[in-house]
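Reviewing the structure listed below.
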Amino acid sequence: MSRFEVTTLVPAPPPVVFDASLSVDVHTSSMGHTAERAVAGVTSGRLALGDQVTWRARHFGLTWHLTSTISACTPPSTSWTSR
């Protein structure tokens, strides 16, 4: 199985970023340039452990169907500190 991982530094508190990372709607709004949309599984709202979502998007001139599964979901500790 292939794995693709992206790391992004975001200047916001971890709990805010964590909540946004589980939002289908936030992801869809951020990917307007690819016309990405959720077409199967959870197609709006907040994802939870065990949920799946299938995205349809255009990348590199091709239309892709990409399925993501929330296989782990541990919120950040409340004892985080900003840097």
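Ordering of the structure tokens sets the chain letters (A, B, ...); residue numbers start at 1 within each chain; ligands are numbered from 1 in the order shown.
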
For region 28-38 of chain A: contacts at 6 Å, only C-alpha atoms, fewer than 2 positions along chain excluded, given as a count of residues only: 8

Quiz item: Could you name the residues that touch Ala20 (chain A) at 12 Å or less, counting only C-alpha atoms, but leaving out those on the same chain fewer than 4 positions away, as a PyMOL selection string?
Solution: chain A and resi 10+12-16+24-30+45-47+75

Go ahead and write the residues just picked, N, CA and C atoms, as an mmCIF file, in the first residue's frame.
```
data_model
loop_
_atom_site.group_PDB
_atom_site.id
_atom_site.type_symbol
_atom_site.label_atom_id
_atom_site.label_comp_id
_atom_site.auth_asym_id
_atom_site.auth_seq_id
_atom_site.Cartn_x
_atom_site.Cartn_y
_atom_site.Cartn_z
ATOM 1 N N VAL A 10 1.226 25.468 10.893
ATOM 2 C CA VAL A 10 0.089 26.385 10.958
ATOM 3 C C VAL A 10 0.208 27.214 12.240
ATOM 4 N N ALA A 12 -1.501 28.401 14.644
ATOM 5 C CA ALA A 12 -2.745 28.375 15.417
ATOM 6 C C ALA A 12 -2.589 27.341 16.529
ATOM 7 N N PRO A 13 -3.394 27.459 17.574
ATOM 8 C CA PRO A 13 -3.310 26.482 18.672
ATOM 9 C C PRO A 13 -3.650 25.065 18.171
ATOM 10 N N PRO A 14 -2.946 24.056 18.646
ATOM 11 C CA PRO A 14 -3.190 22.679 18.211
ATOM 12 C C PRO A 14 -4.655 22.230 18.259
ATOM 13 N N PRO A 15 -5.432 22.558 19.302
ATOM 14 C CA PRO A 15 -6.833 22.106 19.293
ATOM 15 C C PRO A 15 -7.643 22.684 18.126
ATOM 16 N N VAL A 16 -7.350 23.913 17.739
ATOM 17 C CA VAL A 16 -8.051 24.543 16.612
ATOM 18 C C VAL A 16 -7.675 23.840 15.303
ATOM 19 N N VAL A 24 -14.705 18.014 6.780
ATOM 20 C CA VAL A 24 -14.819 17.810 5.337
ATOM 21 C C VAL A 24 -15.028 19.157 4.655
ATOM 22 N N ASP A 25 -15.831 20.022 5.266
ATOM 23 C CA ASP A 25 -16.151 21.319 4.669
ATOM 24 C C ASP A 25 -14.930 22.236 4.585
ATOM 25 N N VAL A 26 -14.090 22.251 5.604
ATOM 26 C CA VAL A 26 -12.865 23.069 5.569
ATOM 27 C C VAL A 26 -11.954 22.565 4.456
ATOM 28 N N HIS A 27 -11.805 21.251 4.349
ATOM 29 C CA HIS A 27 -10.936 20.689 3.302
ATOM 30 C C HIS A 27 -11.468 21.061 1.918
ATOM 31 N N THR A 28 -12.761 20.877 1.720
ATOM 32 C CA THR A 28 -13.367 21.191 0.424
ATOM 33 C C THR A 28 -13.160 22.662 0.058
ATOM 34 N N SER A 29 -13.362 23.551 1.016
ATOM 35 C CA SER A 29 -13.207 24.985 0.725
ATOM 36 C C SER A 29 -11.755 25.361 0.437
ATOM 37 N N SER A 30 -10.811 24.616 0.992
ATOM 38 C CA SER A 30 -9.399 24.925 0.766
ATOM 39 C C SER A 30 -8.872 24.354 -0.549
ATOM 40 N N GLY A 45 -19.478 17.884 7.152
ATOM 41 C CA GLY A 45 -19.370 17.851 8.612
ATOM 42 C C GLY A 45 -18.015 17.361 9.088
ATOM 43 N N ARG A 46 -18.011 16.807 10.297
ATOM 44 C CA ARG A 46 -16.770 16.426 10.980
ATOM 45 C C ARG A 46 -16.546 14.923 10.913
ATOM 46 N N LEU A 47 -15.345 14.533 10.570
ATOM 47 C CA LEU A 47 -14.967 13.127 10.549
ATOM 48 C C LEU A 47 -14.649 12.639 11.954
ATOM 49 N N PRO A 75 -6.897 13.651 20.051
ATOM 50 C CA PRO A 75 -6.780 15.111 20.137
ATOM 51 C C PRO A 75 -5.486 15.514 20.835
#
```

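Put simply, CA of Trp64 (chain A) is 19.0 Å away from CA of Ser44 (chain A).
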
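For region 13-48 of chain A, backbone-based DSSP assignment of strand (DSSP E or B) covers A:Ser23, A:Arg37, A:Ala38, A:Val39, A:Ala40, A:Gly41, A:Arg46.
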
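Candidate residues A:Pro76, A:Ser71, A:Gln52, A:Phe60 were compared for distance to Val17 (chain A), and the nearest is A:Pro76, using only C-alpha atoms.
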
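Backbone DSSP over region 11-61 of chain A yields alpha helix (DSSP H) at Pro14, Pro15, Val16, Val17, Phe18, Asp19, Ala20, Ser21, Val24, Asp25, Val26, His27, Thr28, Ser29 and Ser30 of chain A.
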
Grab the residues selected above and save them as a PDB file, in the first residue's frame with C-alpha atoms.
```
ATOM      1  CA  PRO A  14      -3.190  22.679  18.211  1.00  0.00           C
ATOM      2  CA  PRO A  15      -6.833  22.106  19.293  1.00  0.00           C
ATOM      3  CA  VAL A  16      -8.051  24.543  16.612  1.00  0.00           C
ATOM      4  CA  VAL A  17      -5.909  22.896  13.919  1.00  0.00           C
ATOM      5  CA  PHE A  18      -6.984  19.409  15.028  1.00  0.00           C
ATOM      6  CA  ASP A  19     -10.690  20.314  14.772  1.00  0.00           C
ATOM      7  CA  ALA A  20     -10.195  21.900  11.345  1.00  0.00           C
ATOM      8  CA  SER A  21      -8.300  18.822  10.114  1.00  0.00           C
ATOM      9  CA  VAL A  24     -14.819  17.810   5.337  1.00  0.00           C
ATOM     10  CA  ASP A  25     -16.151  21.319   4.669  1.00  0.00           C
ATOM     11  CA  VAL A  26     -12.865  23.069   5.569  1.00  0.00           C
ATOM     12  CA  HIS A  27     -10.936  20.689   3.302  1.00  0.00           C
ATOM     13  CA  THR A  28     -13.367  21.191   0.424  1.00  0.00           C
ATOM     14  CA  SER A  29     -13.207  24.985   0.725  1.00  0.00           C
ATOM     15  CA  SER A  30      -9.399  24.925   0.766  1.00  0.00           C
TER      16      SER A  30
END
```

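Between CA of Val42 (chain A) and CA of Ser77 (chain A) there is a distance of 26.1 Å.
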
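Among the candidate residues A:Arg3, A:Gly50, A:Leu22, A:Leu9, the one lying nearest to Leu66 (chain A) is A:Arg3, with distances computed using only C-alpha atoms.
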